[in-house]
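Coordinates as given in run.pdb (PDB, C-alpha atoms):
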```pdb
ATOM      1  CA  MET A   7      88.355 146.091  92.363
ATOM      2  CA  THR A   8      87.438 147.589  89.000
ATOM      3  CA  LEU A   9      88.068 151.309  88.661
ATOM      4  CA  SER A  10      85.600 153.596  86.931
ATOM      5  CA  PRO A  11      86.720 155.558  83.842
ATOM      6  CA  GLU A  12      86.753 158.690  86.019
ATOM      7  CA  ASP A  13      89.023 157.030  88.596
ATOM      8  CA  ARG A  14      91.379 155.714  85.899
ATOM      9  CA  ALA A  15      91.609 159.148  84.303
ATOM     10  CA  GLY A  16      92.293 160.693  87.703
ATOM     11  CA  LEU A  17      95.096 158.229  88.374
ATOM     12  CA  LYS A  18      96.693 159.018  85.020
ATOM     13  CA  TRP A  19      96.462 162.721  85.767
ATOM     14  CA  ASP A  20      98.048 162.165  89.195
ATOM     15  CA  ARG A  21     100.877 160.182  87.604
ATOM     16  CA  ALA A  22     101.509 162.858  84.982
ATOM     17  CA  ALA A  23     101.586 165.574  87.645
ATOM     18  CA  ARG A  24     103.947 163.478  89.797
ATOM     19  CA  TYR A  25     106.272 162.874  86.837
ATOM     20  CA  LEU A  26     106.431 166.623  86.312
ATOM     21  CA  LYS A  27     107.275 167.215  89.982
ATOM     22  CA  ILE A  28     110.101 164.665  89.863
ATOM     23  CA  ALA A  29     111.425 166.116  86.612
ATOM     24  CA  ARG A  30     111.426 169.610  88.103
ATOM     25  CA  VAL A  31     113.275 168.409  91.214
ATOM     26  CA  LEU A  32     115.941 166.737  89.081
ATOM     27  CA  HIS A  33     116.153 169.799  86.832
ATOM     28  CA  GLN A  34     116.806 171.996  89.889
ATOM     29  CA  HIS A  35     119.472 169.626  91.276
ATOM     30  CA  ARG A  36     121.862 169.144  88.380
ATOM     31  CA  GLU A  37     124.265 167.192  90.616
ATOM     32  CA  GLY A  38     121.608 164.518  91.116
ATOM     33  CA  LEU A  39     119.674 163.235  94.132
ATOM     34  CA  GLY A  40     119.117 159.950  95.887
ATOM     35  CA  ALA A  41     115.707 158.273  95.813
ATOM     36  CA  ALA A  42     115.041 159.139  99.480
ATOM     37  CA  ALA A  43     115.699 162.845  98.868
ATOM     38  CA  ILE A  44     113.460 162.845  95.796
ATOM     39  CA  ALA A  45     110.720 161.088  97.762
ATOM     40  CA  ASP A  46     110.870 163.718 100.533
ATOM     41  CA  LEU A  47     110.697 166.624  98.074
ATOM     42  CA  VAL A  48     107.831 165.145  96.042
ATOM     43  CA  GLY A  49     105.916 163.668  98.970
ATOM     44  CA  VAL A  50     105.825 160.004  97.916
ATOM     45  CA  SER A  51     107.533 156.760  98.911
ATOM     46  CA  LYS A  52     110.970 155.647  97.685
ATOM     47  CA  ARG A  53     109.276 152.706  95.968
ATOM     48  CA  THR A  54     107.074 155.096  94.008
ATOM     49  CA  VAL A  55     110.110 157.170  93.025
ATOM     50  CA  TYR A  56     111.944 154.124  91.665
ATOM     51  CA  ARG A  57     108.872 153.053  89.694
ATOM     52  CA  ASP A  58     108.249 156.544  88.349
ATOM     53  CA  LEU A  59     111.859 157.046  87.248
ATOM     54  CA  VAL A  60     111.687 153.874  85.154
ATOM     55  CA  ALA A  61     108.338 154.910  83.645
ATOM     56  CA  MET A  62     109.534 158.456  82.931
ATOM     57  CA  GLU A  63     112.499 157.154  80.957
ATOM     58  CA  ARG A  64     110.602 154.369  79.215
ATOM     59  CA  ASP A  65     107.283 156.061  78.420
ATOM     60  CA  ALA A  66     108.102 159.773  78.330
ATOM     61  CA  GLY A  67     111.576 159.432  76.828
ATOM     62  CA  LEU A  68     113.252 161.589  79.497
ATOM     63  CA  PRO A  69     117.065 161.051  79.540
ATOM     64  CA  ILE A  70     117.674 160.096  83.188
ATOM     65  CA  TRP A  71     121.173 159.185  84.412
ATOM     66  CA  GLN A  72     122.076 157.097  87.451
ATOM     67  CA  ASP A  73     125.398 157.034  89.287
ATOM     68  CA  ALA A  74     126.244 155.683  92.727
ATOM     69  CA  GLY A  75     122.631 155.790  93.884
ATOM     70  CA  ARG A  76     121.947 159.286  92.569
ATOM     71  CA  PHE A  77     119.579 160.176  89.744
ATOM     72  CA  GLY A  78     119.600 163.185  87.457
ATOM     73  CA  LEU A  79     118.506 164.560  84.101
ATOM     74  CA  GLU A  80     120.895 164.712  81.179
ATOM     75  CA  GLU A  81     121.846 168.209  80.003
ATOM     76  CA  GLY A  82     119.302 169.590  77.541
ATOM     77  CA  ALA A  83     116.432 167.376  78.731
ATOM     78  CA  PHE A  84     114.164 170.438  78.960
ATOM     79  CA  LEU A  85     113.833 173.489  76.786
ATOM     80  CA  PRO A  86     114.161 176.847  78.582
ATOM     81  CA  PRO A  87     110.989 177.849  80.508
ATOM     82  CA  LEU A  88     108.487 180.239  78.971
ATOM     83  CA  ASP A  89     107.391 183.465  80.620
ATOM     84  CA  LEU A  90     103.826 183.695  79.375
ATOM     85  CA  THR A  91     101.288 186.450  79.884
ATOM     86  CA  LEU A  92      97.750 185.343  80.699
ATOM     87  CA  HIS A  93      96.597 186.060  77.144
ATOM     88  CA  GLU A  94      99.557 184.199  75.623
ATOM     89  CA  ALA A  95      98.892 181.219  77.875
ATOM     90  CA  MET A  96      95.205 181.293  76.884
ATOM     91  CA  THR A  97      96.168 181.252  73.201
ATOM     92  CA  LEU A  98      98.470 178.278  73.780
ATOM     93  CA  PHE A  99      95.713 176.523  75.725
ATOM     94  CA  LEU A 100      93.314 176.945  72.799
ATOM     95  CA  ALA A 101      95.938 175.592  70.396
ATOM     96  CA  LEU A 102      96.428 172.525  72.583
ATOM     97  CA  ARG A 103      92.651 172.023  72.731
ATOM     98  CA  VAL A 104      92.541 171.996  68.926
ATOM     99  CA  LEU A 105      95.406 169.493  68.839
ATOM    100  CA  ALA A 106      93.653 167.282  71.386
ATOM    101  CA  LYS A 107      90.599 167.210  69.119
ATOM    102  CA  ALA A 108      92.644 166.623  65.981
ATOM    103  CA  SER A 109      94.860 163.813  67.319
ATOM    104  CA  ASP A 110      93.427 160.319  67.641
ATOM    105  CA  GLU A 111      96.601 158.926  69.225
ATOM    106  CA  TYR A 112      97.516 158.811  72.911
ATOM    107  CA  ASP A 113     100.560 161.046  73.174
ATOM    108  CA  SER A 114     102.547 161.403  76.406
ATOM    109  CA  GLU A 115     104.055 164.651  75.070
ATOM    110  CA  LEU A 116     100.570 166.110  74.727
ATOM    111  CA  ILE A 117      99.749 165.134  78.310
ATOM    112  CA  GLY A 118     103.052 166.627  79.497
ATOM    113  CA  ALA A 119     102.396 169.885  77.654
ATOM    114  CA  PHE A 120      98.985 170.194  79.302
ATOM    115  CA  VAL A 121     100.422 169.507  82.759
ATOM    116  CA  LYS A 122     103.175 172.112  82.367
ATOM    117  CA  LEU A 123     100.779 174.689  80.993
ATOM    118  CA  ALA A 124      98.433 174.127  83.931
ATOM    119  CA  ALA A 125     101.196 175.301  86.259
ATOM    120  CA  VAL A 126     101.126 178.845  84.815
ATOM    121  CA  LEU A 127      97.392 179.339  84.363
ATOM    122  CA  PRO A 128      94.652 180.541  86.722
ATOM    123  CA  PRO A 129      92.653 177.720  88.406
ATOM    124  CA  VAL A 130      89.650 178.027  86.105
ATOM    125  CA  LEU A 131      91.803 177.316  83.025
ATOM    126  CA  ALA A 132      93.862 174.687  84.840
ATOM    127  CA  GLU A 133      90.640 172.782  85.584
ATOM    128  CA  HIS A 134      89.789 172.713  81.874
ATOM    129  CA  ILE A 135      93.306 171.500  81.112
ATOM    130  CA  GLN A 136      92.892 168.673  83.613
ATOM    131  CA  ALA A 137      89.599 167.651  82.012
ATOM    132  CA  THR A 138      91.206 167.610  78.571
ATOM    133  CA  ALA A 139      94.214 165.652  79.822
ATOM    134  CA  ASP A 140      91.906 163.096  81.402
ATOM    135  CA  LEU A 141      90.154 162.525  78.076
ATOM    136  CA  VAL A 142      93.424 162.239  76.158
ATOM    137  CA  ALA A 143      94.770 159.770  78.719
ATOM    138  CA  GLU A 144      91.791 157.475  78.106
ATOM    139  CA  ARG A 145      92.843 156.869  74.509
ATOM    140  CA  PRO A 146      94.751 153.648  73.890
ATOM    141  CA  PRO A 147      98.513 154.206  73.551
ATOM    142  CA  ASP A 148     100.220 153.606  70.199
ATOM    143  CA  GLN A 149     103.890 152.967  70.886
ATOM    144  CA  ARG A 150     104.798 152.752  67.200
ATOM    145  CA  PHE A 151     103.266 156.161  66.482
ATOM    146  CA  THR A 152     105.005 157.721  69.497
ATOM    147  CA  ARG A 153     108.369 156.254  68.486
ATOM    148  CA  VAL A 154     108.022 157.482  64.901
ATOM    149  CA  PHE A 155     106.789 160.916  65.984
ATOM    150  CA  ARG A 156     109.732 161.412  68.329
ATOM    151  CA  THR A 157     112.215 160.404  65.622
ATOM    152  CA  LEU A 158     110.656 162.822  63.127
ATOM    153  CA  THR A 159     110.728 165.607  65.716
ATOM    154  CA  GLU A 160     114.433 165.005  66.345
ATOM    155  CA  ALA A 161     115.166 164.997  62.600
ATOM    156  CA  TRP A 162     113.243 168.225  62.010
ATOM    157  CA  ALA A 163     114.691 170.054  65.021
ATOM    158  CA  ARG A 164     118.300 169.022  64.322
ATOM    159  CA  GLY A 165     118.294 169.264  60.520
ATOM    160  CA  ARG A 166     118.973 165.559  60.035
ATOM    161  CA  VAL A 167     117.908 163.313  57.168
ATOM    162  CA  VAL A 168     115.440 160.637  58.275
ATOM    163  CA  GLU A 169     114.826 157.253  56.661
ATOM    164  CA  ILE A 170     111.193 156.161  56.727
ATOM    165  CA  GLU A 171     109.231 153.077  55.779
ATOM    166  CA  TYR A 172     106.020 154.387  54.254
ATOM    167  CA  ASP A 173     102.833 152.405  53.640
ATOM    168  CA  ALA A 174     100.992 154.008  50.720
ATOM    169  CA  ARG A 175      98.409 151.218  50.243
ATOM    170  CA  THR A 176      95.460 153.002  51.861
ATOM    171  CA  TYR A 177      94.249 154.590  48.626
ATOM    172  CA  ASP A 178      96.123 152.458  46.114
ATOM    173  CA  PRO A 179      96.927 148.830  47.131
ATOM    174  CA  SER A 180      99.285 148.518  44.156
ATOM    175  CA  ARG A 181     101.694 151.116  45.587
ATOM    176  CA  GLY A 182     102.811 148.961  48.513
ATOM    177  CA  VAL A 183     105.446 149.931  51.086
ATOM    178  CA  ARG A 184     108.556 151.914  50.179
ATOM    179  CA  ARG A 185     111.622 153.233  51.975
ATOM    180  CA  ALA A 186     112.439 156.894  51.514
ATOM    181  CA  ARG A 187     115.098 159.330  52.684
ATOM    182  CA  VAL A 188     113.453 162.600  53.651
ATOM    183  CA  ARG A 189     114.751 166.037  54.622
ATOM    184  CA  PRO A 190     112.076 167.264  57.071
ATOM    185  CA  TYR A 191     110.791 170.795  56.482
ATOM    186  CA  ALA A 192     107.723 170.718  58.753
ATOM    187  CA  ILE A 193     105.356 168.543  60.771
ATOM    188  CA  GLU A 194     101.825 169.804  60.237
ATOM    189  CA  PRO A 195      98.480 168.834  61.835
ATOM    190  CA  SER A 196      95.464 168.379  59.586
ATOM    191  CA  ALA A 197      92.041 169.685  60.516
ATOM    192  CA  LEU A 198      90.446 167.511  57.823
ATOM    193  CA  THR A 199      91.868 164.100  58.653
ATOM    194  CA  HIS A 200      92.691 164.498  62.382
ATOM    195  CA  ALA A 201      96.241 163.384  61.598
ATOM    196  CA  LEU A 202      99.823 164.638  61.431
ATOM    197  CA  TYR A 203     101.857 165.030  58.244
ATOM    198  CA  LEU A 204     105.584 165.132  57.559
ATOM    199  CA  ILE A 205     106.466 167.628  54.836
ATOM    200  CA  GLY A 206     109.914 167.388  53.338
ATOM    201  CA  LEU A 207     112.183 166.701  50.394
ATOM    202  CA  ASP A 208     111.988 163.119  49.140
ATOM    203  CA  GLU A 209     115.598 162.564  48.012
ATOM    204  CA  GLU A 210     114.779 159.630  45.722
ATOM    205  CA  ARG A 211     112.005 161.449  43.887
ATOM    206  CA  GLY A 212     113.757 164.793  43.975
ATOM    207  CA  GLY A 213     110.825 166.889  45.153
ATOM    208  CA  ARG A 214     108.762 168.024  48.107
ATOM    209  CA  ARG A 215     106.317 165.405  49.353
ATOM    210  CA  THR A 216     103.711 165.106  52.096
ATOM    211  CA  PHE A 217     103.674 161.920  54.213
ATOM    212  CA  LYS A 218     100.921 161.023  56.670
ATOM    213  CA  VAL A 219     102.683 160.174  59.939
ATOM    214  CA  GLU A 220     100.177 157.423  60.769
ATOM    215  CA  ARG A 221     101.316 155.598  57.603
ATOM    216  CA  ILE A 222     105.004 155.711  58.523
ATOM    217  CA  ARG A 223     105.693 152.237  59.862
ATOM    218  CA  ASP A 224     109.265 152.975  60.948
ATOM    219  CA  ALA A 225     111.622 155.957  61.082
ATOM    220  CA  THR A 226     115.386 156.041  61.607
ATOM    221  CA  LEU A 227     117.463 159.131  62.305
ATOM    222  CA  THR A 228     120.596 159.293  60.134
ATOM    223  CA  ALA A 229     123.853 161.107  60.852
ATOM    224  CA  GLU A 230     123.550 163.117  57.645
ATOM    225  CA  THR A 231     122.564 166.769  57.963
ATOM    226  CA  PHE A 232     121.115 169.151  55.398
ATOM    227  CA  GLU A 233     120.721 172.886  55.006
ATOM    228  CA  ARG A 234     117.253 173.787  56.156
ATOM    229  CA  GLU A 235     115.152 176.137  54.107
ATOM    230  CA  GLU A 236     113.807 179.359  55.542
ATOM    231  CA  ALA A 237     110.877 178.765  57.907
ATOM    232  CA  GLY A 238     109.004 181.628  56.263
ATOM    233  CA  GLY A 239     109.149 179.818  52.931
ATOM    234  CA  THR A 240     107.533 176.697  54.365
ATOM    235  CA  ALA A 241     104.839 178.712  56.135
ATOM    236  CA  ALA A 242     104.108 180.699  52.970
ATOM    237  CA  GLU A 243     103.816 177.531  50.917
ATOM    238  CA  LEU A 244     101.442 175.922  53.402
ATOM    239  CA  ALA A 245      99.269 179.044  53.208
ATOM    240  CA  ARG A 246      98.807 178.350  49.471
ATOM    241  CA  GLY A 247      97.016 175.082  50.173
ATOM    242  CA  TRP A 248      93.741 174.278  51.839
ATOM    243  CA  ASP A 249      94.990 172.008  54.600
ATOM    244  CA  VAL A 250      98.389 170.267  54.422
ATOM    245  CA  ILE A 251      98.933 169.610  50.702
ATOM    246  CA  ALA A 252     100.588 172.662  49.194
ATOM    247  CA  ASP A 253     103.136 171.246  46.744
ATOM    248  CA  LEU A 254     100.790 171.377  43.736
ATOM    249  CA  PRO A 255     100.140 174.213  41.239
ATOM    250  CA  LEU A 256      97.735 176.974  42.231
ATOM    251  CA  GLU A 257      94.263 176.826  40.730
ATOM    252  CA  ALA A 258      91.443 179.357  40.804
ATOM    253  CA  VAL A 259      88.466 178.003  42.786
ATOM    254  CA  THR A 260      85.046 179.677  42.649
ATOM    255  CA  VAL A 261      82.056 178.433  44.637
ATOM    256  CA  ARG A 262      78.539 179.885  44.680
ATOM    257  CA  PHE A 263      76.815 179.608  48.069
ATOM    258  CA  SER A 264      73.058 179.910  48.420
ATOM    259  CA  PRO A 265      71.451 182.823  50.317
ATOM    260  CA  GLU A 266      70.593 180.411  53.145
ATOM    261  CA  VAL A 267      74.265 179.873  54.100
ATOM    262  CA  ALA A 268      75.969 182.934  52.592
ATOM    263  CA  ARG A 269      76.297 184.794  55.905
ATOM    264  CA  ARG A 270      77.712 181.740  57.685
ATOM    265  CA  VAL A 271      80.320 181.271  54.971
ATOM    266  CA  ALA A 272      81.282 184.934  55.121
ATOM    267  CA  GLU A 273      81.847 184.816  58.903
ATOM    268  CA  THR A 274      85.074 182.818  58.565
ATOM    269  CA  ARG A 275      88.313 183.299  56.675
ATOM    270  CA  TRP A 276      88.675 179.804  55.250
ATOM    271  CA  GLN A 277      91.791 180.381  53.130
ATOM    272  CA  ALA A 278      94.430 183.108  52.964
ATOM    273  CA  SER A 279      93.634 184.221  49.411
ATOM    274  CA  GLN A 280      89.829 184.119  49.607
ATOM    275  CA  ARG A 281      87.691 186.917  48.163
ATOM    276  CA  LEU A 282      83.991 187.311  48.890
ATOM    277  CA  GLU A 283      81.544 188.715  46.358
ATOM    278  CA  PRO A 284      77.982 189.124  47.704
ATOM    279  CA  GLN A 285      75.368 188.849  44.940
ATOM    280  CA  PRO A 286      72.111 190.821  44.503
ATOM    281  CA  ASP A 287      70.010 187.709  45.147
ATOM    282  CA  GLY A 288      71.685 187.140  48.537
ATOM    283  CA  SER A 289      73.999 184.381  47.347
ATOM    284  CA  LEU A 290      77.776 184.589  47.692
ATOM    285  CA  LEU A 291      80.624 183.949  45.294
ATOM    286  CA  TRP A 292      83.655 182.603  47.166
ATOM    287  CA  ARG A 293      86.935 182.828  45.251
ATOM    288  CA  ALA A 294      90.457 181.681  46.162
ATOM    289  CA  GLN A 295      93.734 180.495  44.658
ATOM    290  CA  VAL A 296      94.351 177.035  46.105
ATOM    291  CA  ALA A 297      97.227 174.585  45.624
ATOM    292  CA  GLY A 298      95.823 171.108  45.103
ATOM    293  CA  PRO A 299      92.106 172.006  45.245
ATOM    294  CA  HIS A 300      90.995 168.420  45.883
ATOM    295  CA  GLU A 301      91.316 169.054  49.648
ATOM    296  CA  VAL A 302      88.842 171.912  49.389
ATOM    297  CA  LEU A 303      86.302 169.473  47.941
ATOM    298  CA  VAL A 304      85.661 167.983  51.393
ATOM    299  CA  TRP A 305      84.719 171.430  52.689
ATOM    300  CA  ILE A 306      82.509 172.167  49.686
ATOM    301  CA  LEU A 307      80.620 168.892  49.965
ATOM    302  CA  GLY A 308      80.001 169.621  53.636
ATOM    303  CA  TRP A 309      77.642 172.420  52.553
ATOM    304  CA  GLY A 310      75.507 169.960  50.567
ATOM    305  CA  GLY A 311      73.164 171.468  48.035
ATOM    306  CA  ASP A 312      73.912 175.010  49.242
ATOM    307  CA  ALA A 313      77.291 175.030  47.442
ATOM    308  CA  GLU A 314      77.944 174.901  43.689
ATOM    309  CA  VAL A 315      81.457 174.697  42.245
ATOM    310  CA  LEU A 316      81.819 177.026  39.256
ATOM    311  CA  GLU A 317      85.535 176.480  38.623
ATOM    312  CA  PRO A 318      87.834 174.746  37.947
ATOM    313  CA  PRO A 319      85.938 172.342  35.637
ATOM    314  CA  GLU A 320      87.611 169.222  37.063
ATOM    315  CA  LEU A 321      86.643 170.169  40.615
ATOM    316  CA  ARG A 322      83.072 170.818  39.463
ATOM    317  CA  ARG A 323      82.985 167.406  37.796
ATOM    318  CA  ARG A 324      84.246 165.663  40.920
ATOM    319  CA  ALA A 325      81.747 167.486  43.146
ATOM    320  CA  ALA A 326      78.881 166.508  40.845
ATOM    321  CA  GLU A 327      80.088 162.896  40.755
ATOM    322  CA  GLU A 328      80.277 162.679  44.548
ATOM    323  CA  LEU A 329      76.806 164.165  44.964
ATOM    324  CA  ARG A 330      75.367 161.743  42.394
ATOM    325  CA  ARG A 331      76.971 158.808  44.218
ATOM    326  CA  ALA A 332      75.519 160.054  47.491
ATOM    327  CA  ALA A 333      72.079 160.434  45.946
ATOM    328  CA  ASP A 334      72.269 156.900  44.517
ATOM    329  CA  ARG A 335      73.336 155.498  47.878
ATOM    330  CA  TYR A 336      70.396 157.116  49.628
ATOM    331  CA  GLY A 337      68.000 156.049  46.880
ATOM    332  CA  ALA A 338      67.062 159.570  45.823
ATOM    333  CA  GLY A 339      63.951 159.615  43.698
ATOM    334  CA  ASN A 340      62.720 156.233  44.944
TER     335      ASN A 340
END
```

Can you give me the file's structure in the form of C-alpha cells?
Amino acid sequence: MTLSPEDRAGLKWDRAARYLKIARVLHQHREGLGAAAIADLVGVSKRTVYRDLVAMERDAGLPIWQDAGRFGLEEGAFLPPLDLTLHEAMTLFLALRVLAKASDEYDSELIGAFVKLAAVLPPVLAEHIQATADLVAERPPDQRFTRVFRTLTEAWARGRVVEIEYDARTYDPSRGVRRARVRPYAIEPSALTHALYLIGLDEERGGRRTFKVERIRDATLTAETFEREEAGGTAAELARGWDVIADLPLEAVTVRFSPEVARRVAETRWQASQRLEPQPDGSLLWRAQVAGPHEVLVWILGWGGDAEVLEPPELRRRAAEELRRAADRYGAGN
C-alpha cells in the first residue's frame, strides 16, 4: 500500500513525538529501565521500543547506554529545561518558523526542537508547530550535512578547533578543495541564501573567515582548545554587515528609492546603521554603513527600477551592470 504525503508526514510526526516520550522517560529514570518498562510507560510494544532506541541513537545522535538489559541516557544528553512564558515561547516559535523557511536540509534537531516546544504551547500554536514539522520531515535527509553540522556545533559549544574540508569551487572552479583549521566563533543562518555559515578564525590564513556549511564536505573535532572571544564582539561585528559577511571594511551605502516604494522601504529596519531621509518629491534616500556591501546588492536589485545606488561607485557600477545584463536577457528594446 502506498501512503499519501499526508500519511507519511503524520507517521514521521508520530515517530518524533514517540522518540521524545522515550527520551523523557529515560531522562527521568537515570538508573535505566528495561524495554518492557519503557513500553508500558510510553504505550507501545517492546519491539517498537527496541527499534526506536536504535533509531534515536543512530539518527538523532542521542547517547544511549545499555547494561544488563537496561537502557538509559548518558549524563548531559539534554540541556536543562526552559521555563518559558507564553510570549517567550511565541517568540521562539517564530524564530523556528524562520529557520524552517531558511533551511533546505532535513534536520532531525529542527524536528526535535519543534516537538519539545509544542509541549509547552497552547493547542493552537502546537497545531501550527505540527504542520511545520510535517513539512520539514518531507524534505530528503542529508546525512553528510547533519554530521558536519553536529561536529561544528560541538566545536563551537566546547571551544575546540575543528578541521574542515572546504569546497570553494562554486564561484571559482580554480580554487578547488582545501583543508582548514578553524576556531569557531559563530554559526549564523542567512536570510539571503537559505543556508548556514560557520564564522571563525582560519588559522592558516590568520584571519576571520566565513564558510558556507553546505560546502564543508567533512569536519573533524580536534582535542585542541582555544580562548573564545566575547560573544558581544561577534554579535556587534555581524551587525556591521548586511547578512553574514561582516569581516570586510565598512563602506557608506546610499540608495535612492522612488516615491512608489518609499513608504514600503521605510516600514522596515533593514540594517542597524540605516538612516532615512525623505525627499520633497516623495522619494527616499536610504543610507547605511555596511561591511562588504556586495550582499546588499541582492536586496537593492530586488526593488528593480525603483532603486538607484548613489554610492559607493563600485556598487553603483555593479548594479548598473546587473540591470543591463537582465535587460539584454529579456530582449529589452526589441

Review point. Need the neighbours of (120.5, 159.1, 59.3): which residues are at most 6 Å away, counting only C-alpha atoms, as a ChimeraX atom specification?
Key: /A:167-168,227-230

Okay, now the selection with C-alpha atoms, as a short mmCIF file (atom, residue, chain, number, x, y, z; two decimals), in the coordinates of the input?
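Printed below is result.cif as written:
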```
data_model
loop_
_atom_site.label_atom_id
_atom_site.label_comp_id
_atom_site.auth_asym_id
_atom_site.auth_seq_id
_atom_site.Cartn_x
_atom_site.Cartn_y
_atom_site.Cartn_z
CA VAL A 167 117.91 163.31 57.17
CA VAL A 168 115.44 160.64 58.28
CA LEU A 227 117.46 159.13 62.30
CA THR A 228 120.60 159.29 60.13
CA ALA A 229 123.85 161.11 60.85
CA GLU A 230 123.55 163.12 57.64
#
```

Exercise for review: I would like the residues chosen by the PyMOL selection byres ((chain A and resi 39) around 6) on the shown file; could you give them as a PyMOL selection string?
Suggested key: chain A and resi 38+40+76-77

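Among the candidates A:Arg275, A:Ala294, A:Val261, A:Ser196, the one nearest to A:Val315 when counting only C-alpha atoms is A:Val261.
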
Point to revise | Selection under test: the PyMOL selection byres ((chain A and resi 152-161) around 8); residues as a list in words | key: Asp113, Asp148, Gln149, Arg150, Phe151, Trp162, Ala163, Arg164, Gly165, Arg166, Val167, Val168, Pro190, Ile193, Leu204, Val219, Ile222, Arg223, Asp224, Ala225, Thr226 and Leu227 of chain A

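With all atoms listed in the file as the atoms that count, the residue of A:Ser51, A:Ser180, A:Gln285, A:Gln72 with the shortest distance to A:Leu32 is A:Gln72.
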
Exercise for review: Excluding A:His33 and any residue of its chain fewer than 2 positions from it, enumerate the residues within 9 Å of it, using only C-alpha atoms, and give them as a PyMOL selection string.
Suggested key: chain A and resi 28-31+35-36+38+78-80+83-84
